[in-house]
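Asks: One structure coming up, written as structure tokens, with questions to follow.
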Amino acid sequence: MTDGVEPESALYIVATPIGNLADISSRALSILESVQLIAAEDTRHSANLLRHYNIQSKLIAYHDFNDSARSQSIIDMLLADNSVALISDAGTPLISDPGYKLVKQAQELGITVVPVPGPCAATAALSVAGLPSDRFVFEGFLPARQQARQKHLKTLLLEPRSIIFYESPHRILDCLQDLTEVFGPDRRICLARELTKKFETVITQSLKECLQTVQGDSNQQKGEFVLIVAGADKKEIEKTRQDKALEILVKLQQSMSLKEAVALASELSGARKNQLYELALAQQKQN
């Protein structure tokens, strides 16, 4: 709060360290010590943090599998003028973690919801990636199955912003292979592993180089990963649109004139009409 006084009753969304326990703020510690209840994604994991700082507040589990029943008990406590802190295993709650339903329910009931900012793996990685950071999109964890993963990645092929993913150690190689296949070997990527921990690694290379690096070092296949893929540049976007437009054009020419086909293909693909017409004429000459 601007005057340094916290509400007597509120739902606090408290960021916790992503590795280094010293990264927690003094405000976060003060709130965790003062609330009547701490709702954590994994009580065993969070108990280590609370034990380290000798915090005695009651701790309960709140996760995807019990959120409906547990949400109501938390809401009941808040309505009885108690304060509750929501924390995740690491970092800022609700960033690829459960909790938004609880926040939504609290807001609808007029309960004060207070953010207590701090560590976040996505923004920590972005700050050291050496990739454009003025605009970015967070995609969280990709689908576990390859077909679904590649299908989703293809929808991001023309995304101009830096793209942030989280990935687990047992899928990191498969993920990097799919990224390389879909985005091409030359697209830049930052692989940030075990951020703020003893074996922290930050690598920014082409996708092909990064895949080779991780394949050649089993240690780089362990831990928690943040992957940041550079967005598509203007030339890449234009070329992809042209390729897509030409594919559409071939099919349309079977039932309409070249001029009509170019106009419709341009509208469907976003490719520039004049440029597409010239490409179509050049393609006809080659054939």
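How things are named: the first chain in the structure tokens is A, the next is B, and so on; residues count from 1 in each chain; ligands count from 1 in the order shown.
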Any idea what's packed within 10 Å of A:Ala85, counting only C-alpha atoms, ignoring anything in its chain fewer than 3 positions away? Could you give it as a PyMOL selection string?
Replies: chain A and resi 10-15+28+31-40+57+59+74+113-116
Asks: Near A:Ala124, within 12 Å and counting only C-alpha atoms, which residues show up once chain neighbours fewer than 5 positions away are dropped, as a list in words?
Replies: Pro17, Ile18, Gly19, Asp23, Gly91, Thr92, Gly118, Pro119, Ala129, Gly130, Ser133, Ile164, Cys190, Leu191, Ala192, Arg193, Glu194, Leu195, Thr196, Glu200, Val202, Phe225, Val226, Leu227 and Ile228 of chain A
Asks: Next, the residues of the selection above should be written as a compact mmCIF listing (two decimals), in the first residue's frame with C-alpha atoms.
Replies:
# COMPACT_ATOMS: atom_id res chain seq x y z
CA PRO A 17 11.79 -17.02 -4.72
CA ILE A 18 12.30 -19.10 -7.86
CA GLY A 19 15.49 -20.55 -6.42
CA ASP A 23 15.24 -13.03 -3.31
CA GLY A 91 7.75 -17.12 -8.39
CA THR A 92 4.58 -15.09 -8.88
CA GLY A 118 8.60 -10.25 -6.60
CA PRO A 119 10.40 -12.95 -8.59
CA ALA A 129 18.01 -13.02 -22.95
CA GLY A 130 19.51 -10.40 -25.24
CA SER A 133 11.93 -7.17 -24.64
CA ILE A 164 8.18 -17.10 -23.73
CA CYS A 190 17.40 -17.96 -25.17
CA LEU A 191 17.48 -21.04 -22.97
CA ALA A 192 17.45 -20.06 -19.28
CA ARG A 193 17.90 -23.03 -16.94
CA GLU A 194 17.72 -23.19 -13.13
CA LEU A 195 17.50 -19.42 -12.76
CA THR A 196 18.97 -18.04 -9.48
CA GLU A 200 22.05 -21.47 -13.51
CA VAL A 202 21.65 -18.73 -19.81
CA PHE A 225 13.59 -24.16 -18.19
CA VAL A 226 12.42 -20.86 -19.58
CA LEU A 227 12.68 -20.65 -23.37
CA ILE A 228 12.42 -17.33 -25.19
Asks: As a JSON list (two decimals) with C-alpha atoms, in the first residue's frame, please: every residue in stretch 97-195 of chain A that a backbone DSSP assignment puts in strand (DSSP E or B).
Replies:
[["chain", "number", "residue", "atom", "x", "y", "z"],
["A", 113, "VAL", "CA", -7.02, -8.57, -3.39],
["A", 114, "VAL", "CA", -3.48, -7.25, -2.97],
["A", 115, "PRO", "CA", -0.47, -8.08, -5.19],
["A", 116, "VAL", "CA", 2.87, -8.48, -3.41],
["A", 136, "PHE", "CA", 6.54, -10.18, -25.66],
["A", 137, "VAL", "CA", 3.92, -12.91, -25.32],
["A", 138, "PHE", "CA", 3.79, -15.59, -22.59],
["A", 139, "GLU", "CA", 2.71, -19.06, -23.76],
["A", 140, "GLY", "CA", 3.44, -21.08, -20.62],
["A", 141, "PHE", "CA", 3.86, -24.85, -21.07],
["A", 162, "SER", "CA", 9.41, -12.47, -28.33],
["A", 163, "ILE", "CA", 7.68, -15.70, -27.25],
["A", 164, "ILE", "CA", 8.18, -17.10, -23.73],
["A", 165, "PHE", "CA", 7.66, -20.78, -22.90],
["A", 166, "TYR", "CA", 8.18, -22.91, -19.80],
["A", 167, "GLU", "CA", 9.44, -26.47, -20.26],
["A", 188, "ARG", "CA", 17.30, -17.05, -32.13],
["A", 189, "ILE", "CA", 16.42, -18.57, -28.77],
["A", 190, "CYS", "CA", 17.40, -17.96, -25.17],
["A", 191, "LEU", "CA", 17.48, -21.04, -22.97],
["A", 192, "ALA", "CA", 17.45, -20.06, -19.28],
["A", 193, "ARG", "CA", 17.90, -23.03, -16.94]]
Asks: Between A:Ala125, A:Ala90, A:Val84, A:Leu102, which one has atoms that come closest to A:Asp42, using only C-alpha atoms?
Replies: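 Once distances to A:Asp42 are computed over only C-alpha atoms, the minimum belongs to A:Ala90.
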Asks: Give me, as a ChimeraX atom specification, all polymer residues having an atom no more than 12 Å from A:Ala265, counting only C-alpha atoms and skipping those fewer than 2 positions away in the same chain.
Replies: /A:241-253,256-263,267-277,280
Asks: Could you list, as an NGL selection string, every residue within 7 Å of A:Asp89, counting only C-alpha atoms and ignoring same-chain residues fewer than 2 positions away?
Replies: :A and (41-42 or 45-46 or 87)
Asks: With only C-alpha atoms as the counted atoms, please give the residues lying no more than 9 Å from A:Ser9, apart from itself and same-chain residues fewer than 3 positions off, as an MDAnalysis selection string.
Replies: chainID A and resid 6 35 78:84 111:112
Asks: A:Glu236: which residues within 12 Å, counting only C-alpha atoms, same-chain residues fewer than 5 positions away excluded, as a PyMOL selection string?
Replies: chain A and resi 157-160+183-184+186-187+230-231+241-243
Asks: As an exercise, work out the distance from atom CA of A:Ser255 to atom CA of A:Gln284 in Å and give it to one decimal place.
Replies: 16.5 Å
Asks: Run DSSP on the backbone and grab whatever in stretch 229-265 of chain A lands in alpha helix (DSSP H); send it over as a list in words.
Replies: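 So the alpha helix (DSSP H) residues in stretch 229-265 of chain A would be Lys234, Lys235, Glu236, Ile237, Glu238, Lys239, Thr240, Arg241, Gln242, Asp243, Lys244, Ala245, Leu246, Glu247, Ile248, Leu249, Val250, Lys251, Leu252, Leu258, Lys259, Glu260, Ala261, Val262, Ala263, Leu264 and Ala265 of chain A.
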Asks: Which residue out of A:Ser218, A:Ser266, A:Ser71, A:Ser30 has the minimum interatomic distance to A:Glu238 when only C-alpha atoms are used?
Replies: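 Using only C-alpha atoms, the shortest distance to A:Glu238 belongs to A:Ser266.
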Asks: Would you give me, as CSV, each residue of stretch 72-160 of chain A having an atom within 8 Å of an atom of stretch 168-181 of chain A, along with its shortest atom pair and that distance in Å to one decimal, using only C-alpha atoms and sorting by chain and residue number?
Replies:
residue,atom,partner,partner_atom,distance
A:Ala144,CA,A:Arg171,CA,7.7
A:Gln146,CA,A:Asp178,CA,7.7
A:Arg149,CA,A:Asp178,CA,7.7
A:Gln150,CA,A:Asp178,CA,6.3
A:Leu153,CA,A:Leu179,CA,7.3
